[in-house]
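Chemist: Quick one: the structure is below, questions incoming.
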Amino acid sequence: MAPPGSADPFSGTLAPGAHPALLVVDMVMAYLDPASSLFLDGEAAVAATARLAAAARAAAAPVIFTRVVYAPGGVDGGLFYRKVPALAQFQAGSPLGAFPPALTPAAGDIVVTKQYASAFFGTALTPMLTTLGIDTLLITGFSTSGCVRASALDALQNGFAPFVVRDGCADRGAAQHDANLFDLQAKYAEVVDEDQARRILARG
């Protein structure tokens with residue numbers, strides 16, 4: 001808490017730009033199949049994201065999906081693959097790496113394949129967004145504390161205003177979800193709900 005009489009050091013805000021895109025981070029079956037060790041309660045977030053994807057397409061805003069795919073043995077996953085054994089579920093060909101039927105890329109959507117937490121690290125996402133003229137990212141996906149947070153931080157650091165959609169994300173539990181949204185709002189992003197995200201898309 002700031003000392004009495006001083007300004008709140010975390011009171012800054014970001015304004016959405018005129019050219020938003022929807023970034024859907026790793027909304028794949030590994031997080032939705034109860035048999036998976038990464039399972040979380042994410043069906044409501046999938047439904048919210050599906051509605052936002054439809055709104056983005058209607059507004060002619062890009063919809064970008066990320067997924068994780070590893071070569072056999074995770075040779076391209078480095079220390080991240082070693083640190084998190086559950087990532088073995090994303091080896092090429094695994095059904096757990098597939099998008100759920102309720103939320104699959106449509107014609108014209110973009111799919112980015114990654115090996116690390118951030119959607120930006122080791123991918124062509126930054127130059128792609130720059131070429132498209134994107135200035136704002138609405139971010140949904142799994143998990144809030146992991147790949148969503150990492151992607152929001154890198155969006156900020158690469159000059160794209162990040163707006164994390166709280167009801168379009170999920171985590172292993174409410175504590176992880178809420179704590180990370182609190183930190184994101186304080187330091188790295190704006191946290192919005194689905195209705196606010198839809199207004200940003202419509203305005204853009």
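Labeling convention for the structure tokens: chains A, B, ... as they appear, residues from 1 per chain, ligands from 1 in order of appearance.
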Quick one: everything within 8 Å of Asp76 of chain A, counting only C-alpha atoms, minus sequence neighbours fewer than 3 positions away in the same chain. Send it as a PDB file with C-alpha atoms, in the first residue's frame.

Modeler:
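out-v3.pdb was written with the following content:
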ATOM      1  CA  TYR A  70       7.072 -30.852 -29.319  1.00  0.00           C
ATOM      2  CA  ALA A  71       9.304 -33.095 -31.354  1.00  0.00           C
ATOM      3  CA  GLN A 115       7.329 -24.598 -27.409  1.00  0.00           C
TER       4      GLN A 115
END

Chemist: Give me the segment 25-46 of chain A side of the contact with segment 163-167 of chain A, cut-off 12 Å, one line per residue showing its nearest atom pair and distance in Å at one decimal, counting only C-alpha atoms, sorted by chain and residue number, as a tab-separated table.

Modeler:
residue	atom	partner	partner_atom	distance
A:Val25	CA	A:Val164	CA	10.9
A:Asp41	CA	A:Asp167	CA	11.9
A:Gly42	CA	A:Asp167	CA	9.6
A:Glu43	CA	A:Asp167	CA	10.5
A:Ala44	CA	A:Asp167	CA	7.5
A:Ala45	CA	A:Asp167	CA	5.6
A:Val46	CA	A:Asp167	CA	9.1

Chemist: Based on the selection just made, write C-alpha atoms of those residues as a PDB file, in the first residue's frame.

Modeler:
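Output (part-v1.pdb):
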ATOM      1  CA  VAL A  25      -3.539 -19.074 -25.782  1.00  0.00           C
ATOM      2  CA  ASP A  41     -12.240 -26.323 -15.060  1.00  0.00           C
ATOM      3  CA  GLY A  42     -12.147 -24.410 -18.326  1.00  0.00           C
ATOM      4  CA  GLU A  43     -15.409 -25.044 -20.163  1.00  0.00           C
ATOM      5  CA  ALA A  44     -16.866 -21.629 -19.274  1.00  0.00           C
ATOM      6  CA  ALA A  45     -13.701 -19.933 -20.530  1.00  0.00           C
ATOM      7  CA  VAL A  46     -13.942 -21.878 -23.805  1.00  0.00           C
TER       8      VAL A  46
END

Chemist: Among segment 71-142 of chain A, which ones does DSSP assign to alpha helix (DSSP H) (computed from the backbone)? Answer as a PyMOL selection string.

Modeler: chain A and resi 78-83+125-132
